[in-house]
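J.: One structure follows; several queries about it will come next.
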Amino acid sequence: MTEETLTEPGGALADPCPVRHWPALDLIGVDFDPVLADLMEEGPVARIELPNGEGWAWLVTRMDDVRLVANDARFSREAVMDRQVTRLAPHFIPSRGAVGFLDPPDHNRLRRSVAPAFTARGVERVRESARRMLDGLVDELLAAGPPADLTSAVLSPFPIAVICELMGVPAADRHGMHTWTQLILSSTHGADVSEQAKEEMGAYFTELIDARVDSGDEDVASLLGAAVGRREITVDEAVGLAVLLQIGGEAVTNNSGQMFYLLLTRPELADRLRADASIRPQAIDELLRYIPHRNAVGLSRIALEDVEIKGVRIRAGDAIYVSYLAANRDPEVFSDPESIDFSRSPNPHVAFGFGPHYCPGGQLARMESELLVDALLDRLPGLRLAVAPDQVPFRKGALIRGPEALPVVW
């Protein structure tokens, strides 16, 4: 831990603000990151140093500050492109023009091209096909009999099938998409392997989008093709967005893995959901608030001008992170935030982010979670872990948390 002297607005000296080293932790289960918990205790604005990149960055953990930074044009994602900001990921290979590193209005223009696929109507368009695909997976699970790995049998293939359906990726290509996604998200294979996988997925989507330029269909590849045909976005922009959406679609595997790990290690919660199906949508929102879906923090922003947050001056050029996980445990917003309360209402969690970069797949992820809870709790009433909770293997060296396997019997 190092200390530097800061200057308050007006020239007054602030108390020394330590830079807290935040190591890459391989956390199991739904344990909350102890470093993040300490940072929340220390104050609303902290400084952190992550395992990779250079220097230090600010971190805000309170809900109001998280929403401010995520939604304020004075904090830029695009400005991160040319900086080696301190970060969790060992390699940082952003594509210039990628939607995750665009600021409005370009960001809005690009998101608008695929918005119809992610509205309530767009998500409902694939609900019945998603339910049929899930029923088929559960049929196969029941036919094979226990024990089984719920992750490989259902929780992994289901989100892959759904996002491919929404994207317009043919069923025959789903396995290849999954392989590319795992290589891109893993930190264990190195930057070259990750970059090659991203290039191969990009080449695939280039061909798919080009073939859909004159399509009037509602899948994402067709919407992107049509937008390229109208010259509203470039091919490179369309491909970058397609890659991001495809990768993001598989995050449901990890979220649902943590969700079912939680329900199976606290069977009283599963029993409540079995007994009263009407509370399931609200309960899923509470589980999404509670589950620590990622390690550390996501993408940073750069302050474009001096901004004061909670009496601390964030200077122009400073890097800053928000923690949605911490905001979801803010005691000023959520009473007893460490408890799971299925009756919590309202529940203004930020599990899918906030502001312009709010996850476009939020409604899709909710729909998938609802289908999974309905199918697995209703069709497998005796579903339980086949091993002790501490014997469930969790992913190591991953940016997104979740079980590698979820051994179950019923």
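In the structure tokens, the first chain shown is A, the next is B, and so on; residue numbers restart at 1 for each chain, and ligands run from 1 in the order shown.
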Write out as a short mmCIF file (atom, residue, chain, number, x, y, z; two decimals) with C-alpha atoms, in the first residue's frame which residues come within 6 Å of Ala326 (chain A) when counting only C-alpha atoms, dropping same-chain ones fewer than 3 positions away.

T.:
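Result written to around.cif:
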```cif
data_model
loop_
_atom_site.label_atom_id
_atom_site.label_comp_id
_atom_site.auth_asym_id
_atom_site.auth_seq_id
_atom_site.Cartn_x
_atom_site.Cartn_y
_atom_site.Cartn_z
CA THR A 61 -18.96 2.12 -4.43
CA SER A 323 -18.56 -1.17 -8.67
CA ARG A 329 -25.10 -3.79 -1.28
#
```

J.: DSSP on the backbone, strand (DSSP E) only: what residues of region 48-150 of chain A does that give? Format it as a PDB file with N, CA and C atoms, in the first residue's frame.

T.:
```
ATOM      1  N   ILE A  48      -7.472   2.418  -6.192  1.00  0.00           N
ATOM      2  CA  ILE A  48      -7.123   1.007  -6.301  1.00  0.00           C
ATOM      3  C   ILE A  48      -6.036   0.782  -7.339  1.00  0.00           C
ATOM      4  N   GLU A  49      -5.316  -0.308  -7.126  1.00  0.00           N
ATOM      5  CA  GLU A  49      -4.338  -0.796  -8.093  1.00  0.00           C
ATOM      6  C   GLU A  49      -4.662  -2.261  -8.337  1.00  0.00           C
ATOM      7  N   ALA A  57      -6.322   3.840 -10.052  1.00  0.00           N
ATOM      8  CA  ALA A  57      -7.588   4.407 -10.519  1.00  0.00           C
ATOM      9  C   ALA A  57      -8.485   4.665  -9.316  1.00  0.00           C
ATOM     10  N   TRP A  58      -9.401   5.607  -9.487  1.00  0.00           N
ATOM     11  CA  TRP A  58     -10.423   5.832  -8.468  1.00  0.00           C
ATOM     12  C   TRP A  58     -11.468   4.721  -8.536  1.00  0.00           C
ATOM     13  N   LEU A  59     -12.138   4.504  -7.415  1.00  0.00           N
ATOM     14  CA  LEU A  59     -13.243   3.551  -7.342  1.00  0.00           C
ATOM     15  C   LEU A  59     -14.368   4.179  -6.534  1.00  0.00           C
ATOM     16  N   VAL A  60     -15.590   4.150  -7.076  1.00  0.00           N
ATOM     17  CA  VAL A  60     -16.759   4.582  -6.303  1.00  0.00           C
ATOM     18  C   VAL A  60     -17.649   3.368  -6.058  1.00  0.00           C
ATOM     19  N   PHE A  75     -17.344  11.632 -17.877  1.00  0.00           N
ATOM     20  CA  PHE A  75     -16.533  10.418 -17.723  1.00  0.00           C
ATOM     21  C   PHE A  75     -16.634   9.609 -19.010  1.00  0.00           C
ATOM     22  N   SER A  76     -15.506   9.371 -19.663  1.00  0.00           N
ATOM     23  CA  SER A  76     -15.484   8.818 -21.010  1.00  0.00           C
ATOM     24  C   SER A  76     -14.931   7.400 -21.049  1.00  0.00           C
ATOM     25  N   ALA A 148     -25.680 -35.878 -12.441  1.00  0.00           N
ATOM     26  CA  ALA A 148     -25.433 -35.109 -13.659  1.00  0.00           C
ATOM     27  C   ALA A 148     -24.720 -33.813 -13.302  1.00  0.00           C
ATOM     28  N   ASP A 149     -24.092 -33.234 -14.298  1.00  0.00           N
ATOM     29  CA  ASP A 149     -23.506 -31.903 -14.160  1.00  0.00           C
ATOM     30  C   ASP A 149     -24.501 -30.915 -14.762  1.00  0.00           C
TER      31      ASP A 149
END
```

J.: Can you list, as a ChimeraX atom specification, every protein, DNA or RNA residue that comes within 9 Å of region 364-374 of chain A when you count only C-alpha atoms, leaving out same-chain residues fewer than 5 positions away?

T.: /A:118-120,122-124,127,130-131,134,154-155,158-159,162-163,249,251-252,255-256,259-260,273-274,277,280-281,284-285,288,379

J.: Find, counting only C-alpha atoms, the residue in A:Asp64, A:Asp236, A:Asp72, A:Asp38 that gets nearest to His349 (chain A).

T.: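 Checking each of A:Asp64, A:Asp236, A:Asp72, A:Asp38 against His349 (chain A), counting only C-alpha atoms, the winner is A:Asp64.
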
J.: Looking only at the backbone, which of the residues in region 189-410 of chain A does DSSP tag as alpha helix (DSSP H), as a PyMOL selection string?

T.: chain A and resi 191-211+220-229+235-249+251-265+267-275+280-290+324-327+362-379

J.: Between A:Leu299, A:Ile160, A:Val312, A:Leu383, which has the minimum distance to Gln84 (chain A) (counting only C-alpha atoms)?

T.: A:Leu299
